[in-house]
Structures are given as structure tokens and as C-alpha cells.
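S.K.: Next comes coords38.pdb, PDB, C-alpha atoms and all ligand atoms:
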```
ATOM      1  CA  MET A   1       7.866 -29.377   4.187
ATOM      2  CA  THR A   2       5.758 -26.484   2.941
ATOM      3  CA  ASP A   3       7.131 -22.972   2.750
ATOM      4  CA  LYS A   4       5.230 -20.271   4.556
ATOM      5  CA  PRO A   5       3.821 -17.599   2.235
ATOM      6  CA  PRO A   6       6.204 -14.640   1.943
ATOM      7  CA  THR A   7       5.699 -11.833   4.430
ATOM      8  CA  ILE A   8       6.079  -8.126   3.720
ATOM      9  CA  PRO A   9       8.926  -6.334   5.504
ATOM     10  CA  VAL A  10       8.055  -3.407   7.743
ATOM     11  CA  THR A  11      10.440  -0.614   8.672
ATOM     12  CA  VAL A  12       9.463   1.900  11.326
ATOM     13  CA  VAL A  13      11.151   5.300  11.211
ATOM     14  CA  GLY A  14      11.052   7.219  14.475
ATOM     15  CA  GLY A  15      12.751  10.145  16.154
ATOM     16  CA  PHE A  16      11.767  13.210  18.112
ATOM     17  CA  LEU A  17      10.008  16.229  16.578
ATOM     18  CA  GLY A  18      12.211  17.804  13.932
ATOM     19  CA  ALA A  19      14.908  15.109  13.777
ATOM     20  CA  GLY A  20      14.531  14.680   9.999
ATOM     21  CA  LYS A  21      12.175  11.698   9.595
ATOM     22  CA  THR A  22      10.344  13.083   6.571
ATOM     23  CA  THR A  23      13.645  14.008   4.904
ATOM     24  CA  TYR A  24      14.863  10.444   5.391
ATOM     25  CA  LEU A  25      11.606   9.005   4.114
ATOM     26  CA  ASN A  26      11.839  11.127   0.983
ATOM     27  CA  HIS A  27      15.430   9.998   0.486
ATOM     28  CA  LEU A  28      14.273   6.360   0.620
ATOM     29  CA  LEU A  29      11.426   7.006  -1.811
ATOM     30  CA  ARG A  30      13.673   8.823  -4.270
ATOM     31  CA  THR A  31      16.541   6.354  -4.211
ATOM     32  CA  GLY A  32      14.867   3.000  -3.509
ATOM     33  CA  ARG A  33      13.680   0.685  -6.238
ATOM     34  CA  SER A  34      10.959  -0.973  -4.161
ATOM     35  CA  ARG A  35       7.257  -0.247  -4.343
ATOM     36  CA  PHE A  36       6.611   1.225  -0.934
ATOM     37  CA  ALA A  37       3.525   1.678   1.134
ATOM     38  CA  VAL A  38       4.188   4.646   3.401
ATOM     39  CA  LEU A  39       2.147   5.293   6.516
ATOM     40  CA  VAL A  40       2.628   8.678   8.113
ATOM     41  CA  ASN A  41       1.554   9.510  11.645
ATOM     42  CA  ASP A  42       1.778  13.212  12.455
ATOM     43  CA  PHE A  43       1.047  14.219  16.014
ATOM     44  CA  GLY A  44      -0.388  17.555  14.875
ATOM     45  CA  ALA A  45      -4.112  17.812  14.172
ATOM     46  CA  VAL A  46      -3.394  18.270  10.465
ATOM     47  CA  ASN A  47      -1.096  15.845   8.697
ATOM     48  CA  ILE A  48       1.566  18.239   7.395
ATOM     49  CA  ASP A  49       4.181  15.507   6.912
ATOM     50  CA  ALA A  50       2.007  13.480   4.560
ATOM     51  CA  GLY A  51       1.813  16.498   2.259
ATOM     52  CA  LEU A  52       5.609  16.721   2.255
ATOM     53  CA  ILE A  53       6.164  13.103   1.208
ATOM     54  CA  ALA A  54       7.575  12.875  -2.312
ATOM     55  CA  ARG A  55       5.454  11.269  -5.017
ATOM     56  CA  HIS A  56       6.292   7.606  -5.546
ATOM     57  CA  ASP A  57       5.026   4.449  -7.267
ATOM     58  CA  GLY A  58       3.436   3.008  -4.166
ATOM     59  CA  ALA A  59       0.972   4.547  -1.763
ATOM     60  CA  THR A  60       1.110   7.120   1.022
ATOM     61  CA  MET A  61      -1.480   6.856   3.743
ATOM     62  CA  THR A  62      -2.016   9.072   6.737
ATOM     63  CA  LEU A  63      -2.761   7.934  10.243
ATOM     64  CA  THR A  64      -4.744  10.748  11.741
ATOM     65  CA  ASN A  65      -6.327   9.273  14.862
ATOM     66  CA  GLY A  66      -3.763  10.745  17.225
ATOM     67  CA  CYS A  67      -0.444   9.167  18.153
ATOM     68  CA  VAL A  68      -0.538   5.608  16.747
ATOM     69  CA  CYS A  69       1.505   4.092  19.523
ATOM     70  CA  CYS A  70      -1.141   5.264  22.015
ATOM     71  CA  SER A  71      -4.153   4.115  20.003
ATOM     72  CA  ILE A  72      -3.827   0.440  19.226
ATOM     73  CA  GLY A  73      -7.189  -0.058  17.555
ATOM     74  CA  GLY A  74      -7.830   3.365  16.095
ATOM     75  CA  GLY A  75      -7.509   3.008  12.357
ATOM     76  CA  PHE A  76      -3.943   1.715  12.236
ATOM     77  CA  LEU A  77      -4.683  -1.987  11.787
ATOM     78  CA  GLU A  78      -7.492  -1.161   9.372
ATOM     79  CA  THR A  79      -5.036   0.873   7.291
ATOM     80  CA  LEU A  80      -2.530  -1.991   7.373
ATOM     81  CA  GLY A  81      -5.353  -4.306   6.297
ATOM     82  CA  ARG A  82      -6.099  -2.085   3.305
ATOM     83  CA  ILE A  83      -2.417  -2.174   2.325
ATOM     84  CA  LEU A  84      -2.373  -5.967   2.539
ATOM     85  CA  ASP A  85      -5.542  -6.196   0.413
ATOM     86  CA  GLU A  86      -3.807  -4.506  -2.539
ATOM     87  CA  LYS A  87      -3.871  -6.730  -5.636
ATOM     88  CA  ILE A  88      -0.185  -6.133  -6.364
ATOM     89  CA  PRO A  89       1.587  -6.640  -3.046
ATOM     90  CA  PHE A  90       3.845  -3.843  -1.845
ATOM     91  CA  ASP A  91       7.552  -4.673  -1.554
ATOM     92  CA  HIS A  92       7.990  -2.856   1.730
ATOM     93  CA  ILE A  93       5.931  -0.953   4.285
ATOM     94  CA  ILE A  94       7.504   2.098   5.923
ATOM     95  CA  ILE A  95       5.779   3.631   8.912
ATOM     96  CA  GLU A  96       6.788   7.117  10.027
ATOM     97  CA  ALA A  97       6.099   7.383  13.731
ATOM     98  CA  SER A  98       4.929  10.670  15.153
ATOM     99  CA  GLY A  99       7.644  12.848  16.661
ATOM    100  CA  VAL A 100       6.534  11.946  20.173
ATOM    101  CA  GLY A 101       5.651   8.334  19.362
ATOM    102  CA  ASP A 102       7.481   5.208  20.450
ATOM    103  CA  PRO A 103       8.572   3.457  17.231
ATOM    104  CA  TRP A 104       9.004   0.090  18.930
ATOM    105  CA  ARG A 105       5.418   0.152  20.146
ATOM    106  CA  ILE A 106       4.292   0.825  16.584
ATOM    107  CA  ALA A 107       6.406  -2.075  15.325
ATOM    108  CA  GLU A 108       4.796  -4.344  17.899
ATOM    109  CA  ILE A 109       1.313  -3.310  16.880
ATOM    110  CA  ALA A 110       2.147  -3.827  13.198
ATOM    111  CA  LEU A 111       3.521  -7.284  13.933
ATOM    112  CA  VAL A 112       0.201  -8.433  15.321
ATOM    113  CA  GLU A 113      -0.458  -8.963  11.598
ATOM    114  CA  PRO A 114       1.062 -12.356  10.663
ATOM    115  CA  SER A 115       1.705 -11.488   7.020
ATOM    116  CA  LEU A 116       4.284  -8.873   8.045
ATOM    117  CA  HIS A 117       7.794  -9.137   9.428
ATOM    118  CA  LEU A 118       9.968  -6.483  11.016
ATOM    119  CA  ASN A 119      12.847  -5.317   8.857
ATOM    120  CA  ALA A 120      14.155  -2.589  11.130
ATOM    121  CA  VAL A 121      13.314   0.161  13.572
ATOM    122  CA  ILE A 122      15.360   3.221  12.628
ATOM    123  CA  VAL A 123      15.464   6.263  14.893
ATOM    124  CA  LEU A 124      16.767   9.659  13.859
ATOM    125  CA  ALA A 125      18.478  11.929  16.364
ATOM    126  CA  ASP A 126      19.137  15.626  15.782
ATOM    127  CA  ALA A 127      22.855  16.041  16.526
ATOM    128  CA  THR A 128      22.313  19.706  17.370
ATOM    129  CA  ARG A 129      19.804  18.961  20.141
ATOM    130  CA  ILE A 130      19.792  15.319  21.193
ATOM    131  CA  ALA A 131      21.953  15.725  24.295
ATOM    132  CA  ALA A 132      19.774  18.613  25.519
ATOM    133  CA  LEU A 133      16.567  16.716  24.745
ATOM    134  CA  LEU A 134      17.717  13.646  26.660
ATOM    135  CA  ALA A 135      18.481  15.849  29.673
ATOM    136  CA  ASP A 136      15.205  17.783  29.442
ATOM    137  CA  PRO A 137      12.870  17.010  32.364
ATOM    138  CA  HIS A 138       9.770  17.430  30.195
ATOM    139  CA  VAL A 139      10.655  15.364  27.158
ATOM    140  CA  GLY A 140      13.708  13.308  28.212
ATOM    141  CA  ASP A 141      11.767  10.112  28.957
ATOM    142  CA  THR A 142       9.858  10.250  25.692
ATOM    143  CA  VAL A 143      13.087  10.746  23.732
ATOM    144  CA  ARG A 144      14.922   7.967  25.611
ATOM    145  CA  ASN A 145      12.105   5.468  25.014
ATOM    146  CA  GLN A 146      12.345   6.013  21.272
ATOM    147  CA  PHE A 147      15.822   4.440  21.238
ATOM    148  CA  GLU A 148      15.034   1.516  23.488
ATOM    149  CA  ARG A 149      14.824  -1.251  20.902
ATOM    150  CA  CYS A 150      15.918   0.408  17.690
ATOM    151  CA  ASP A 151      18.168  -1.379  15.227
ATOM    152  CA  LEU A 152      19.856   1.724  13.880
ATOM    153  CA  VAL A 153      20.290   5.338  14.923
ATOM    154  CA  LEU A 154      20.831   8.003  12.302
ATOM    155  CA  LEU A 155      22.634  10.817  14.088
ATOM    156  CA  ASN A 156      21.396  13.501  11.735
ATOM    157  CA  LYS A 157      22.316  17.135  10.979
ATOM    158  CA  THR A 158      25.978  16.478  11.777
ATOM    159  CA  ASP A 159      26.794  19.046   9.091
ATOM    160  CA  LEU A 160      25.350  21.721  11.386
ATOM    161  CA  VAL A 161      27.675  21.072  14.341
ATOM    162  CA  ASP A 162      31.442  20.755  14.730
ATOM    163  CA  ALA A 163      33.280  17.471  15.285
ATOM    164  CA  HIS A 164      33.399  17.955  19.047
ATOM    165  CA  ALA A 165      29.620  18.461  19.307
ATOM    166  CA  THR A 166      29.017  15.472  17.011
ATOM    167  CA  ARG A 167      31.128  13.277  19.297
ATOM    168  CA  ALA A 168      29.216  14.532  22.351
ATOM    169  CA  ALA A 169      25.857  13.861  20.675
ATOM    170  CA  SER A 170      26.973  10.399  19.590
ATOM    171  CA  ALA A 171      28.189   9.628  23.110
ATOM    172  CA  ALA A 172      24.859  10.758  24.609
ATOM    173  CA  VAL A 173      22.984   8.326  22.355
ATOM    174  CA  ALA A 174      25.500   5.514  22.773
ATOM    175  CA  ALA A 175      25.163   5.778  26.560
ATOM    176  CA  LEU A 176      21.466   4.864  26.369
ATOM    177  CA  ARG A 177      22.014   1.201  25.638
ATOM    178  CA  GLU A 178      24.860  -1.191  24.990
ATOM    179  CA  GLY A 179      25.526  -2.035  21.343
ATOM    180  CA  MET A 180      23.688   0.948  19.880
ATOM    181  CA  LYS A 181      24.472   1.172  16.164
ATOM    182  CA  ILE A 182      24.926   4.821  15.215
ATOM    183  CA  VAL A 183      25.512   6.235  11.742
ATOM    184  CA  GLU A 184      26.280   9.946  11.282
ATOM    185  CA  THR A 185      24.132  11.575   8.600
ATOM    186  CA  SER A 186      23.121  14.893   7.113
ATOM    187  CA  GLU A 187      20.445  15.829   4.605
ATOM    188  CA  GLN A 188      22.991  15.143   1.831
ATOM    189  CA  THR A 189      24.321  11.866   3.195
ATOM    190  CA  MET A 190      21.516   9.550   4.170
ATOM    191  CA  PRO A 191      21.835   5.774   3.982
ATOM    192  CA  ASP A 192      19.618   3.378   2.087
ATOM    193  CA  LEU A 193      17.154   1.145   3.841
ATOM    194  CA  PRO A 194      18.791  -1.884   5.445
ATOM    195  CA  GLN A 195      17.979  -4.746   3.102
ATOM    196  CA  ALA A 196      15.146  -7.020   4.079
ATOM    197  CA  ASN A 197      16.822 -10.384   4.265
ATOM    198  CA  ARG A 198      17.433 -12.857   7.055
ATOM    199  CA  LYS A 199      20.870 -11.530   7.931
ATOM    200  CA  THR A 200      19.783  -7.942   8.543
ATOM    201  CA  THR A 201      16.242  -8.428   9.738
ATOM    202  CA  SER A 202      15.725  -6.927  13.166
ATOM    203  CA  PRO A 203      16.656  -9.318  15.972
ATOM    204  CA  PHE A 204      13.842  -7.865  18.058
ATOM    205  CA  ARG A 205      10.540  -9.674  18.141
ATOM    206  CA  ALA A 206       7.107  -8.534  19.157
ATOM    207  CA  ASP A 207       6.392 -10.574  22.235
ATOM    208  CA  ALA A 208       3.447  -8.925  23.909
ATOM    209  CA  VAL A 209       0.724  -6.456  23.187
ATOM    210  CA  PRO A 210       2.247  -3.232  24.515
ATOM    211  CA  ASP A 211       0.774  -1.101  27.238
ATOM    212  CA  VAL A 212      -1.032   1.964  26.086
ATOM    213  CA  ALA A 213       1.196   5.034  26.263
ATOM    214  CA  ASP A 214      -0.083   8.465  27.136
ATOM    215  CA  HIS A 215       1.590  10.815  24.688
ATOM    216  CA  GLU A 216      -1.791  12.444  24.237
ATOM    217  CA  GLN A 217      -1.525  13.635  27.844
ATOM    218  CA  GLN A 218       2.168  14.540  27.755
ATOM    219  CA  PHE A 219       2.081  16.749  24.694
ATOM    220  CA  LYS A 220      -0.230  19.474  23.476
ATOM    221  CA  ARG A 221      -1.157  20.419  19.967
ATOM    222  CA  TRP A 222      -1.674  23.861  18.560
ATOM    223  CA  GLN A 223      -3.021  24.719  15.152
ATOM    224  CA  TYR A 224      -2.831  28.154  13.603
ATOM    225  CA  GLN A 225      -4.903  28.842  10.529
ATOM    226  CA  ARG A 226      -5.510  32.212   8.909
ATOM    227  CA  GLY A 227      -6.301  33.728   5.551
ATOM    228  CA  GLY A 228      -3.767  36.149   4.105
ATOM    229  CA  SER A 229      -0.034  36.313   4.603
ATOM    230  CA  PHE A 230       2.710  37.160   7.081
ATOM    231  CA  ASP A 231       4.947  40.198   7.058
ATOM    232  CA  ARG A 232       8.460  38.735   6.968
ATOM    233  CA  VAL A 233      10.069  41.074   9.501
ATOM    234  CA  ARG A 234       7.197  40.872  11.974
ATOM    235  CA  LEU A 235       7.109  37.086  11.555
ATOM    236  CA  GLU A 236      10.731  36.870  12.690
ATOM    237  CA  THR A 237       9.862  38.908  15.777
ATOM    238  CA  ALA A 238       6.787  36.777  16.465
ATOM    239  CA  LEU A 239       8.669  33.486  16.135
ATOM    240  CA  ARG A 240      11.224  34.741  18.658
ATOM    241  CA  ALA A 241       8.365  35.608  21.004
ATOM    242  CA  LEU A 242       6.876  32.093  20.978
ATOM    243  CA  PRO A 243       7.376  30.319  24.309
ATOM    244  CA  PRO A 244      10.061  27.636  24.757
ATOM    245  CA  GLN A 245       7.372  25.064  25.578
ATOM    246  CA  LEU A 246       6.613  25.000  21.858
ATOM    247  CA  LEU A 247       8.854  22.191  20.595
ATOM    248  CA  ARG A 248       7.900  22.209  16.955
ATOM    249  CA  LEU A 249       6.007  24.362  14.500
ATOM    250  CA  LYS A 250       5.601  23.670  10.829
ATOM    251  CA  GLY A 251       3.349  24.217   7.893
ATOM    252  CA  ALA A 252       2.723  26.390   4.893
ATOM    253  CA  CYS A 253       2.375  30.147   4.860
ATOM    254  CA  THR A 254       2.636  32.997   2.400
ATOM    255  CA  LEU A 255       4.855  36.020   2.959
ATOM    256  CA  ALA A 256       3.591  39.389   1.773
ATOM    257  CA  GLY A 257       5.200  40.177  -1.574
ATOM    258  CA  ASP A 258       6.055  36.546  -2.394
ATOM    259  CA  THR A 259       4.484  34.846  -5.382
ATOM    260  CA  GLY A 260       4.190  31.385  -3.810
ATOM    261  CA  PRO A 261       3.841  29.749  -0.423
ATOM    262  CA  SER A 262       6.718  28.845   1.881
ATOM    263  CA  LEU A 263       7.254  25.959   4.238
ATOM    264  CA  LEU A 264       7.895  27.200   7.758
ATOM    265  CA  GLN A 265       9.790  24.761   9.953
ATOM    266  CA  MET A 266      10.711  25.570  13.507
ATOM    267  CA  VAL A 267      12.511  23.163  15.822
ATOM    268  CA  GLY A 268      13.225  24.529  19.272
ATOM    269  CA  ARG A 269      14.460  28.067  18.616
ATOM    270  CA  ASP A 270      15.715  27.435  15.069
ATOM    271  CA  TRP A 271      13.471  28.078  12.122
ATOM    272  CA  SER A 272      13.619  28.193   8.351
ATOM    273  CA  LEU A 273      11.413  29.297   5.474
ATOM    274  CA  THR A 274      11.723  27.547   2.130
ATOM    275  CA  PRO A 275       9.605  27.944  -1.005
ATOM    276  CA  VAL A 276       7.267  24.999  -1.397
ATOM    277  CA  GLU A 277       4.779  23.761  -3.928
ATOM    278  CA  ALA A 278       1.441  23.820  -2.187
ATOM    279  CA  PRO A 279      -2.087  24.401  -3.369
ATOM    280  CA  GLU A 280      -2.859  26.527  -0.310
ATOM    281  CA  ARG A 281      -2.179  30.244  -0.429
ATOM    282  CA  ASP A 282      -3.151  30.819   3.190
ATOM    283  CA  ILE A 283      -1.507  30.053   6.509
ATOM    284  CA  LEU A 284      -1.791  26.638   8.114
ATOM    285  CA  LEU A 285       0.715  25.799  10.834
ATOM    286  CA  VAL A 286       0.676  23.001  13.361
ATOM    287  CA  GLY A 287       2.609  23.026  16.585
ATOM    288  CA  VAL A 288       3.468  20.505  19.262
ATOM    289  CA  GLY A 289       4.502  21.508  22.745
ATOM    290  CA  THR A 290       4.954  20.156  26.225
ATOM    291  CA  ASP A 291       1.909  19.791  28.468
ATOM    292  CA  ASP A 292       2.535  23.235  29.944
ATOM    293  CA  LEU A 293       2.224  24.932  26.554
ATOM    294  CA  PRO A 294       0.335  28.221  26.992
ATOM    295  CA  ASP A 295      -3.261  28.531  25.901
ATOM    296  CA  PRO A 296      -3.771  28.357  22.093
ATOM    297  CA  ALA A 297      -5.431  31.791  22.098
ATOM    298  CA  GLU A 298      -2.290  33.281  23.623
ATOM    299  CA  LEU A 299      -0.118  31.650  20.943
ATOM    300  CA  ASP A 300      -2.551  32.801  18.246
ATOM    301  CA  ARG A 301      -2.172  36.385  19.441
ATOM    302  CA  ILE A 302       1.623  36.204  19.052
ATOM    303  CA  LEU A 303       1.427  35.081  15.426
ATOM    304  CA  ASP A 304      -1.509  37.381  14.643
ATOM    305  CA  ARG A 305       0.865  40.290  15.257
ATOM    306  CA  ALA A 306       2.879  39.062  12.265
ATOM    307  CA  LEU A 307      -0.026  39.065   9.813
ATOM    308  CA  ALA A 308       0.305  41.458   6.908
ATOM    309  CA  ALA A 309      -2.779  43.605   6.491
ATOM    310  CA  PRO A 310      -4.569  42.541   3.299
ATOM    311  CA  PRO A 311      -4.799  45.335   0.677
ATOM    312  CA  ALA A 312      -8.599  45.478   0.934
ATOM    313  CA  PHE A 313      -8.364  46.403   4.596
ATOM    314  CA  ASP A 314      -5.607  49.003   4.285
ATOM    315  CA  HIS A 315      -7.854  52.051   4.219
ATOM    316  CA  HIS A 316      -9.700  51.013   7.325
ATOM    317  CA  GLY A 317      -6.648  50.768   9.480
ATOM    318  CA  GLY A 318      -5.652  47.535  11.145
ATOM    319  CA  LEU A 319      -8.767  45.418  10.819
ATOM    320  CA  GLN A 320      -8.138  41.762  11.538
ATOM    321  CA  PRO A 321      -7.902  39.663   8.347
ATOM    322  CA  PRO A 322     -10.757  37.147   8.223
ATOM    323  CA  ALA A 323      -9.925  33.672   9.487
ATOM    324  CA  ILE A 324     -10.864  30.983   6.992
ATOM    325  CA  SER A 325     -13.770  28.938   8.126
ATOM    326  CA  ILE A 326     -12.331  25.465   8.712
ATOM    327  CA  PRO A 327     -13.065  24.487  12.321
ATOM    328  CA  LEU A 328      -9.958  24.301  14.485
ATOM    329  CA  ARG A 329      -8.994  21.356  16.607
ATOM    330  CA  GLU A 330      -6.941  22.731  19.398
ATOM    331  CA  GLY A 331      -5.420  21.541  22.604
ATOM    332  CA  GLN A 332      -5.424  17.970  23.690
ATOM    333  CA  ILE A 333      -7.328  15.349  21.803
ATOM    334  CA  PRO A 334      -8.262  12.325  23.892
ATOM    335  CA  CYS A 335      -6.527   9.032  23.264
ATOM    336  CA  ARG A 336      -8.719   6.549  21.454
TER     337      ARG A 336
HETATM  338 ZN    ZN A 401       1.994   7.568  21.415
END
```
What do you get writing this file as C-alpha cells?
Ligand SMILES: [Zn+2]
M.R.:
Amino acid sequence: MTDKPPTIPVTVVGGFLGAGKTTYLNHLLRTGRSRFAVLVNDFGAVNIDAGLIARHDGATMTLTNGCVCCSIGGGFLETLGRILDEKIPFDHIIIEASGVGDPWRIAEIALVEPSLHLNAVIVLADATRIAALLADPHVGDTVRNQFERCDLVLLNKTDLVDAHATRAASAAVAALREGMKIVETSEQTMPDLPQANRKTTSPFRADAVPDVADHEQQFKRWQYQRGGSFDRVRLETALRALPPQLLRLKGACTLAGDTGPSLLQMVGRDWSLTPVEAPERDILLVGVGTDDLPDPAELDRILDRALAAPPAFDHHGGLQPPAISIPLREGQIPCR
């Protein structure tokens, strides 16, 4: 009897926009001893998440051709092929699904490749929002589908809610399917990757080429790019004025008076600004919203009101700071 050649384990990390996927990925990269290949699929037109992935011994690759689970051919299998061609094989492949993507679909596509096996599909849920998201008529189905065949749920951000709300969030997830395995986590308490051995390998198997999803139709992108910086106080006002259809906004920006750039993260109505190491000194934010998200120009106008006037323009009274000249990709991008 001949042994089959060893296959590389694949773990897919999913979860809705802002659930903490990148934080978890960085935890795995910092604490794991394996040489990882990390594939990151941002839904936004610019891959912000890939820039936030910690440096590690392996490789980080971005999947930029739209939502991977909707675009079976488009670059994903070629990227996997490149990973498998590496002279020194990777110990483990981690794929970060987009925030609207279906992680199981991605696992199925990956498993078309016979030299891979599925270690686990892990889905993060934001304890502060998951019950509301599941009940939301616009995004509820997308969120529910993400949990359909996952091996493990990380009920994240439990440090931000009280015990009663944590129990309610856990119950909302548990009600989706019998036997759901849920672990409560926060940024400080994230678990290691389930070990890739026979006992813990996912019981789910890819059995058919999945149907093509239509996340490209269900969600809209918005990209905001400007030279210069924001005024902190007016930025707070502008963020409050953004419409509720905007589910997620993130990226780098500079605040007037600050020496370095900040990472702006907004999930629903909550937002934070944290100093970040980034080469850019300008503003580059990407947003994802429901299909009824207002026109990008309208959203641009809201954030433009928060721009600090650059010193050179001060004497001339309120001239618009020049936009930097990278072409914008706005609105819906067709599924490939
Ligand atoms: Zn998709």
C-alpha cells in the first residue's frame, strides 16, 4: 500500500464586516509556529486588510478580483497554484474571506485542488451586533449563510457587552444550526488554530462545485481618497452624518496636527481612530454598504466637510484640497 503524498491544510476564516477577522489572523500569525500562506480577500476596491496583516515568515497574498466566493475562476485558483509551487511547502494556508463572503463556498473552491485538505472553517461573530445583523432584512441572509457549515464560531468582542448580552448573542448564533460550536473571545483572548490532524479536521467535505453567489449585486463599495488631512472635530460630525446603509468604513487618514497617520475603523455606528504605521500620509478609506447605499458623490460630500484646509490654501478661503490622482473605482464592480 502506498501512502498518498501529504496535503496542505486549509483554514478559512469568515465573518461579517467588522467581526474581527484580521485581528484573529494577526493573532494566529504572531502566536503560531507554522509557516503560513495567508490569502486575504477584501470586498472593498482597495485591499486595506492585507496592509494590516502582521509580518510573518510565510507569505501574504491579496485576492482583489471581487468577492472570491462569487468569482470561482478569477485569480483565486491561480493564486493557490502559486502557493503550491513554492519550493519550500507552506505548513498551512489561511484564507480570510471577505466580510460579505460565504466562507464555506471558498473552502469548496479551494478543495477543488487535490493537494489541499480542509482543516477548519472558522467564523467570527461580533457579540455586540450579531443578533441585530441576523434580524436585519438587508444583510440577515448573508450573515446566516456564513455560519451554515462552519466548524467553529468565535463569538468575539464579548468584553464590550455584559453577560446578559453575551448570552443573547450566543443564543442567536446557536439557534442557527444544531451542534454549533461557539467559543467566546475578545481581542485579548483569542484561541489558537485548531490543529490539523485527523481528529480535528473538518467533518465537512466539498461535494459539488458551488453555485455562483451574487454578493457583488447585494453590496456596494465606496472608496474615498483625498490629499491632506481631516479636522478631528468635524470628522466626528461627518461620521455621525453617514447613512446607516454604510455597514463598514476603514482605512488610513491623517488628522490635522498629528504627526502620523491613523487607522479609522467604523462598524455600524461605532468607530475608532488608532495610530498606525503606514507609508501614506493622505486619506484612503474604503466602505461597504447595502445595495441601497446612497450615491458615492453624496457620501464624498459628507466626508469632504471634515477635511482640514491645507495651510497653502488658508489665505484663499475654503478652496477644496486637491484630490490625489489615482483613479477611483466606485460603486458596483461586476462579478467575474
Ligand atoms: Zn461572494
S.K.: Find the residues near ligand ZN 401 (chain A). Use a cut-off of 6 Å, count only C-alpha atoms and all ligand atoms, and write them as an MDAnalysis selection string.
M.R.: chainID A and resid 67:70 101 213 215
S.K.: From the options A:Arg221, A:Lys87, A:Arg269, A:Arg129, which residue's atoms come nearest to A:Pro244, counting all atoms listed in the file?
M.R.: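 Ranked by minimum distance to A:Pro244, first place goes to A:Arg269.
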S.K.: Could you tell me which residues the PyMOL selection byres (((chain A and resi 95) around 8) and not hetatm) grabs in this file, written as an NGL selection string?
M.R.: :A and (10-13 or 38-41 or 93-94 or 96-97)
S.K.: Need the neighbours of (2.8, 20.0, 25.8): which residues are at most 12 Å away, counting only C-alpha atoms, as JSON, numbers by chain?
M.R.: {"A": [43, 44, 100, 138, 139, 214, 215, 216, 217, 218, 219, 220, 221, 222, 243, 244, 245, 246, 247, 248, 287, 288, 289, 290, 291, 292, 293, 294, 295, 296, 330, 331, 332, 333]}
S.K.: By how many Å are atom CA of A:Gly58 and atom CA of A:Cys150 apart?
M.R.: 25.3 Å
S.K.: Between atom CA of A:Ala169 and atom CA of A:Ala127, what is the distance in Å, rounded to a tenth?
M.R.: 5.6 Å
S.K.: Can you list what the PyMOL selection byres (((chain A and resi 17) around 10) and not hetatm) grabs from this structure, as a ChimeraX atom specification?
M.R.: /A:14-16,18-21,42-43,98-101,124-126,143,247-249,266-268,288-289
S.K.: Kindly resolve the PyMOL selection byres (((chain A and resi 181) around 7) and not hetatm) on the present coordinates and return the residues as an MDAnalysis selection string.
M.R.: chainID A and resid 151:153 179:180 182:183
S.K.: May I have the selected residues written with C-alpha atoms, as a CSV table (one decimal), in the frame of the given file?
M.R.:
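The new file part.csv reads:
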```csv
chain,number,residue,atom,x,y,z
A,151,ASP,CA,18.2,-1.4,15.2
A,152,LEU,CA,19.9,1.7,13.9
A,153,VAL,CA,20.3,5.3,14.9
A,179,GLY,CA,25.5,-2.0,21.3
A,180,MET,CA,23.7,0.9,19.9
A,182,ILE,CA,24.9,4.8,15.2
A,183,VAL,CA,25.5,6.2,11.7
```
S.K.: Expressed in Å to a single decimal, how great is the separation between atom CA of A:Leu133 and atom CA of A:Gln225?
M.R.: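 Separating atom CA of A:Leu133 from atom CA of A:Gln225 is a distance of 28.5 Å.
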S.K.: For each of A:Glu184, A:Asp102, A:Glu298, A:Glu113, take the minimum atom-to-atom distance to A:Leu84, counting all atoms listed in the file, then give the residue where this is smallest.
M.R.: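 Smallest separation from A:Leu84 among the options: A:Glu113.
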S.K.: So, counting all atoms listed in the file, which residue among A:Ile88, A:Gly260, A:Ala110, A:Thr158 is closest to A:Gly75?
M.R.: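 Among the listed residues, A:Ala110 lies closest to A:Gly75.
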S.K.: Which residue, A:Leu111, A:Leu307, A:Ile106, A:Val286, has the smallest gap to A:Val233 when you use only C-alpha atoms?
M.R.: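 Looking only at the distances to A:Val233, the closest residue turns out to be A:Leu307.
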S.K.: Please put the answer as JSON: centre and edge lengths, in Å with one decimal, of a box along x, y and z that encloses all listed atoms of stretch 228-239 of chain A plus 6 Å on each side.
M.R.:
```
{"center_x": 3.5, "center_y": 37.3, "center_z": 10.3, "size_x": 26.5, "size_y": 19.6, "size_z": 24.4}
```
S.K.: Using only C-alpha atoms, which of A:Cys253, A:Leu284, A:Met190, A:Ile302 sits nearest A:Gln223?
M.R.: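 Closest to A:Gln223, using only C-alpha atoms: A:Leu284.
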